[in-house]
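Data from coords-v3.tsv: TSV, N, CA and C atoms
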```tsv
chain	number	residue	atom	x	y	z
A	1	MET	N	-75.68	58.87	140.35
A	1	MET	CA	-75.32	59.11	138.97
A	1	MET	C	-76.28	60.13	138.37
A	2	LYS	N	-75.72	61.14	137.69
A	2	LYS	CA	-76.56	62.17	137.07
A	2	LYS	C	-77.02	61.73	135.70
A	3	LYS	N	-78.23	62.06	135.36
A	3	LYS	CA	-78.77	61.75	134.04
A	3	LYS	C	-78.97	63.06	133.28
A	4	ASN	N	-78.83	62.99	131.99
A	4	ASN	CA	-79.09	64.17	131.16
A	4	ASN	C	-80.60	64.36	131.04
A	5	ILE	N	-81.06	65.56	131.36
A	5	ILE	CA	-82.49	65.81	131.26
A	5	ILE	C	-82.85	66.55	129.98
A	6	GLY	N	-81.86	66.97	129.25
A	6	GLY	CA	-82.18	67.64	128.01
A	6	GLY	C	-81.00	68.38	127.42
A	7	THR	N	-81.21	68.78	126.20
A	7	THR	CA	-80.20	69.57	125.52
A	7	THR	C	-80.85	70.83	125.00
A	8	ARG	N	-80.06	71.80	124.78
A	8	ARG	CA	-80.54	73.09	124.29
A	8	ARG	C	-79.60	73.56	123.19
A	9	ARG	N	-80.18	73.99	122.10
A	9	ARG	CA	-79.39	74.58	121.00
A	9	ARG	C	-79.64	76.08	121.03
A	10	ILE	N	-78.56	76.83	121.00
A	10	ILE	CA	-78.71	78.29	121.00
A	10	ILE	C	-77.88	78.90	119.88
A	11	ARG	N	-78.43	79.95	119.31
A	11	ARG	CA	-77.70	80.71	118.29
A	11	ARG	C	-76.93	81.82	118.99
A	12	VAL	N	-75.68	81.96	118.59
A	12	VAL	CA	-74.80	82.93	119.24
A	12	VAL	C	-74.04	83.71	118.18
A	13	ARG	N	-73.93	85.00	118.39
A	13	ARG	CA	-73.03	85.83	117.59
A	13	ARG	C	-71.90	86.27	118.51
A	14	ILE	N	-70.67	86.00	118.09
A	14	ILE	CA	-69.50	86.33	118.89
A	14	ILE	C	-68.95	87.69	118.46
A	15	HIS	N	-68.73	88.55	119.44
A	15	HIS	CA	-68.12	89.86	119.20
A	15	HIS	C	-66.72	89.82	119.82
A	16	THR	N	-65.70	89.60	118.98
A	16	THR	CA	-64.34	89.47	119.47
A	16	THR	C	-63.68	90.83	119.61
A	17	GLY	N	-62.67	90.90	120.45
A	17	GLY	CA	-61.94	92.14	120.65
A	17	GLY	C	-62.76	93.21	121.34
A	18	SER	N	-63.78	92.81	122.04
A	18	SER	CA	-64.68	93.75	122.71
A	18	SER	C	-64.04	94.27	124.00
A	19	SER	N	-64.40	95.48	124.37
A	19	SER	CA	-63.88	96.04	125.62
A	19	SER	C	-64.63	95.47	126.83
A	20	LYS	N	-65.79	94.87	126.57
A	20	LYS	CA	-66.54	94.25	127.67
A	20	LYS	C	-66.59	92.75	127.48
A	21	ARG	N	-66.90	92.06	128.56
A	21	ARG	CA	-67.01	90.60	128.53
A	21	ARG	C	-68.37	90.25	129.11
A	22	GLY	N	-69.19	89.54	128.34
A	22	GLY	CA	-70.51	89.18	128.84
A	22	GLY	C	-71.41	88.65	127.76
A	23	ILE	N	-72.70	88.59	128.10
A	23	ILE	CA	-73.69	88.00	127.20
A	23	ILE	C	-74.97	88.82	127.26
A	24	GLU	N	-75.60	88.99	126.11
A	24	GLU	CA	-76.89	89.66	125.99
A	24	GLU	C	-77.77	88.85	125.05
A	25	GLN	N	-79.08	88.93	125.26
A	25	GLN	CA	-79.99	88.26	124.33
A	25	GLN	C	-80.76	89.32	123.57
A	26	LYS	N	-80.73	89.21	122.24
A	26	LYS	CA	-81.48	90.09	121.36
A	26	LYS	C	-82.27	89.21	120.41
A	27	ASP	N	-83.58	89.36	120.44
A	27	ASP	CA	-84.47	88.50	119.65
A	27	ASP	C	-84.21	87.03	120.01
A	28	HIS	N	-83.84	86.23	119.02
A	28	HIS	CA	-83.61	84.80	119.27
A	28	HIS	C	-82.13	84.44	119.24
A	29	THR	N	-81.29	85.45	119.36
A	29	THR	CA	-79.85	85.23	119.28
A	29	THR	C	-79.17	85.80	120.52
A	30	TYR	N	-78.21	85.04	121.04
A	30	TYR	CA	-77.39	85.55	122.13
A	30	TYR	C	-76.17	86.23	121.51
A	31	HIS	N	-75.78	87.34	122.11
A	31	HIS	CA	-74.58	88.05	121.68
A	31	HIS	C	-73.56	87.93	122.80
A	32	VAL	N	-72.44	87.28	122.48
A	32	VAL	CA	-71.38	87.07	123.46
A	32	VAL	C	-70.24	88.01	123.13
A	33	TYR	N	-69.83	88.79	124.13
A	33	TYR	CA	-68.76	89.76	123.98
A	33	TYR	C	-67.53	89.25	124.70
A	34	THR	N	-66.42	89.16	123.96
A	34	THR	CA	-65.18	88.66	124.53
A	34	THR	C	-64.02	89.56	124.09
A	35	PRO	N	-63.08	89.83	125.00
A	35	PRO	CA	-61.90	90.60	124.61
A	35	PRO	C	-60.89	89.78	123.80
A	36	LYS	N	-61.08	88.47	123.75
A	36	LYS	CA	-60.16	87.59	123.02
A	36	LYS	C	-60.34	87.76	121.52
A	37	ARG	N	-59.27	87.50	120.80
A	37	ARG	CA	-59.27	87.55	119.34
A	37	ARG	C	-59.48	86.14	118.77
A	38	PRO	N	-60.01	86.05	117.55
A	38	PRO	CA	-60.21	84.72	116.95
A	38	PRO	C	-58.89	84.12	116.45
A	39	TYR	N	-58.00	83.81	117.39
A	39	TYR	CA	-56.69	83.25	117.07
A	39	TYR	C	-56.54	81.94	117.83
A	40	ARG	N	-56.37	80.85	117.09
A	40	ARG	CA	-56.18	79.51	117.67
A	40	ARG	C	-57.30	79.13	118.63
A	41	GLY	N	-58.52	79.56	118.33
A	41	GLY	CA	-59.68	79.15	119.13
A	41	GLY	C	-59.84	79.85	120.46
A	42	GLU	N	-59.06	80.91	120.69
A	42	GLU	CA	-59.14	81.60	121.98
A	42	GLU	C	-60.51	82.24	122.19
A	43	ALA	N	-61.08	82.84	121.16
A	43	ALA	CA	-62.40	83.47	121.29
A	43	ALA	C	-63.47	82.41	121.52
A	44	ASN	N	-63.38	81.27	120.83
A	44	ASN	CA	-64.35	80.19	121.04
A	44	ASN	C	-64.28	79.66	122.47
A	45	SER	N	-63.07	79.47	122.97
A	45	SER	CA	-62.89	78.98	124.34
A	45	SER	C	-63.47	79.95	125.35
A	46	ASP	N	-63.24	81.24	125.13
A	46	ASP	CA	-63.78	82.23	126.05
A	46	ASP	C	-65.30	82.30	125.95
A	47	ALA	N	-65.85	82.14	124.75
A	47	ALA	CA	-67.30	82.14	124.58
A	47	ALA	C	-67.92	80.97	125.34
A	48	ILE	N	-67.27	79.80	125.28
A	48	ILE	CA	-67.76	78.64	126.02
A	48	ILE	C	-67.70	78.92	127.52
A	49	ARG	N	-66.64	79.57	127.96
A	49	ARG	CA	-66.50	79.92	129.38
A	49	ARG	C	-67.61	80.87	129.81
A	50	ILE	N	-67.91	81.87	128.99
A	50	ILE	CA	-68.97	82.83	129.29
A	50	ILE	C	-70.33	82.14	129.33
A	51	LEU	N	-70.60	81.27	128.37
A	51	LEU	CA	-71.86	80.54	128.35
A	51	LEU	C	-71.99	79.60	129.55
A	52	SER	N	-70.90	78.98	129.95
A	52	SER	CA	-70.96	78.06	131.09
A	52	SER	C	-71.26	78.82	132.38
A	53	GLU	N	-70.74	80.02	132.51
A	53	GLU	CA	-71.04	80.84	133.68
A	53	GLU	C	-72.50	81.29	133.64
A	54	HIS	N	-72.98	81.65	132.47
A	54	HIS	CA	-74.36	82.13	132.32
A	54	HIS	C	-75.37	81.03	132.63
A	55	TYR	N	-75.15	79.83	132.07
A	55	TYR	CA	-76.08	78.72	132.25
A	55	TYR	C	-75.77	77.87	133.48
A	56	ARG	N	-74.67	78.15	134.14
A	56	ARG	CA	-74.24	77.41	135.33
A	56	ARG	C	-74.10	75.91	135.05
A	57	VAL	N	-73.39	75.61	133.98
A	57	VAL	CA	-73.06	74.23	133.63
A	57	VAL	C	-71.56	74.15	133.41
A	58	ALA	N	-71.03	72.94	133.44
A	58	ALA	CA	-69.61	72.74	133.19
A	58	ALA	C	-69.28	73.05	131.73
A	59	LYS	N	-68.06	73.53	131.50
A	59	LYS	CA	-67.63	73.84	130.13
A	59	LYS	C	-67.68	72.61	129.24
A	60	SER	N	-67.49	71.44	129.84
A	60	SER	CA	-67.50	70.20	129.05
A	60	SER	C	-68.90	69.87	128.53
A	61	ARG	N	-69.92	70.51	129.04
A	61	ARG	CA	-71.30	70.28	128.59
A	61	ARG	C	-71.71	71.21	127.45
A	62	ILE	N	-70.77	72.04	126.98
A	62	ILE	CA	-71.07	72.98	125.90
A	62	ILE	C	-70.17	72.65	124.71
A	63	SER	N	-70.78	72.55	123.53
A	63	SER	CA	-70.00	72.29	122.32
A	63	SER	C	-70.54	73.11	121.17
A	64	ILE	N	-69.69	73.32	120.18
A	64	ILE	CA	-70.07	74.09	119.00
A	64	ILE	C	-70.59	73.10	117.96
A	65	LEU	N	-71.85	73.27	117.56
A	65	LEU	CA	-72.43	72.41	116.52
A	65	LEU	C	-72.07	72.90	115.13
A	66	SER	N	-72.13	74.20	114.93
A	66	SER	CA	-71.77	74.76	113.62
A	66	SER	C	-71.20	76.15	113.80
A	67	GLY	N	-70.38	76.55	112.84
A	67	GLY	CA	-69.80	77.88	112.87
A	67	GLY	C	-68.47	77.97	113.58
A	68	GLN	N	-67.70	76.90	113.57
A	68	GLN	CA	-66.42	76.87	114.27
A	68	GLN	C	-65.53	78.06	113.88
A	69	LYS	N	-65.55	78.44	112.60
A	69	LYS	CA	-64.70	79.54	112.14
A	69	LYS	C	-65.51	80.75	111.69
A	70	SER	N	-66.71	80.87	112.21
A	70	SER	CA	-67.60	81.97	111.86
A	70	SER	C	-67.97	82.74	113.12
A	71	ARG	N	-68.41	83.96	112.97
A	71	ARG	CA	-68.85	84.70	114.16
A	71	ARG	C	-70.26	84.29	114.57
A	72	ASP	N	-71.03	83.72	113.63
A	72	ASP	CA	-72.36	83.19	113.95
A	72	ASP	C	-72.23	81.69	114.18
A	73	LYS	N	-72.63	81.25	115.38
A	73	LYS	CA	-72.44	79.86	115.77
A	73	LYS	C	-73.72	79.29	116.34
A	74	VAL	N	-73.79	77.97	116.38
A	74	VAL	CA	-74.84	77.26	117.09
A	74	VAL	C	-74.15	76.38	118.12
A	75	PHE	N	-74.52	76.59	119.38
A	75	PHE	CA	-73.95	75.82	120.48
A	75	PHE	C	-74.96	74.80	120.98
A	76	LEU	N	-74.45	73.67	121.44
A	76	LEU	CA	-75.28	72.65	122.07
A	76	LEU	C	-74.90	72.63	123.55
A	77	ILE	N	-75.92	72.79	124.40
A	77	ILE	CA	-75.71	72.74	125.85
A	77	ILE	C	-76.45	71.55	126.40
A	78	THR	N	-75.72	70.63	126.99
A	78	THR	CA	-76.31	69.45	127.61
A	78	THR	C	-76.47	69.74	129.09
A	79	GLU	N	-77.70	69.69	129.57
A	79	GLU	CA	-77.96	70.05	130.96
A	79	GLU	C	-78.10	68.79	131.82
A	80	PRO	N	-77.41	68.75	132.97
A	80	PRO	CA	-77.52	67.61	133.87
A	80	PRO	C	-78.82	67.69	134.68
A	81	GLU	N	-79.15	66.60	135.30
A	81	GLU	CA	-80.34	66.55	136.14
A	81	GLU	C	-80.12	67.32	137.42
```
Structure encoded using structure tokens:
Amino acid sequence: MKKNIGTRRIRVRIHTGSSKRGIEQKDHTYHVYTPKRPYRGEANSDAIRILSEHYRVAKSRISILSGQKSRDKVFLITEPE
């Protein structure tokens, strides 16, 4: 059985409709670039997918703490042991 060893809160700015897809860190904020538009949560879902690939955790371990409808968000990442 896996135990949670910790959680991490990260600040993210989402850049929707971008020609590139990826993640960059500038100062204390991550910038996530997604070609998806903010329609019916598509950009949020893609941002979670990008973060899960970057941190190598399951998408189910990433949630939005604040900023559901904003480009500036705070994500919670629960890391397994």
query: Residues at most 7 Å from stretch 14-19 of chain A, counting all atoms listed in the file, excluding those fewer than 2 positions away in the same chain, as a ChimeraX atom specification?
result: /A:12,21,30-38,43,70-73
message: Measuring between only N, CA and C atoms, which one of A:Thr78, A:Ala47, A:His28, A:Gly41 shows the shortest distance to A:Arg11?
response: A:His28
- prompt: Between A:Ile10, A:Ile50, A:Gly22, A:Leu76, which has the minimum distance to A:Ile62 (counting only N, CA and C atoms)?
  reply: A:Leu76
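In terms of minimum interatomic distance to A:Val74, A:Arg13 ranks closest within A:Arg13, A:Gly6, A:Ser45, A:Ser52, counting only C-alpha atoms.
The set of residues in stretch 13-51 of chain A assigned to strand (DSSP E or B) by DSSP, using only backbone atoms of this structure, is Arg13, Ile14, His15, Gly22, Ile23, Glu24, Gln25, Lys26, Thr29, Tyr30, His31, Val32 and Tyr33 of chain A.
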message: For a quick check of understanding, using only N, CA and C atoms, which of A:Ile77, A:Thr7, A:Asp27, A:Arg49 has the smallest distance to A:Leu65?
response: A:Ile77
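The gap separating atom N of A:Arg40 from atom CA of A:Phe75 is 18.6 Å, in Å to one decimal.
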- request: Within chain A, find each residue whose DSSP state, derived from the backbone, is helix (DSSP H, G or I), and express the selection as a PyMOL selection string.
  value: chain A and resi 42-55+59-61
Between atom CA of A:Arg9 and atom C of A:Ile64 - distance in Å to one decimal: 9.4 Å
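Nearest residue to A:Leu51 among A:Thr29, A:Arg8, A:Ile23, A:Lys69 is A:Ile23, counting only N, CA and C atoms.
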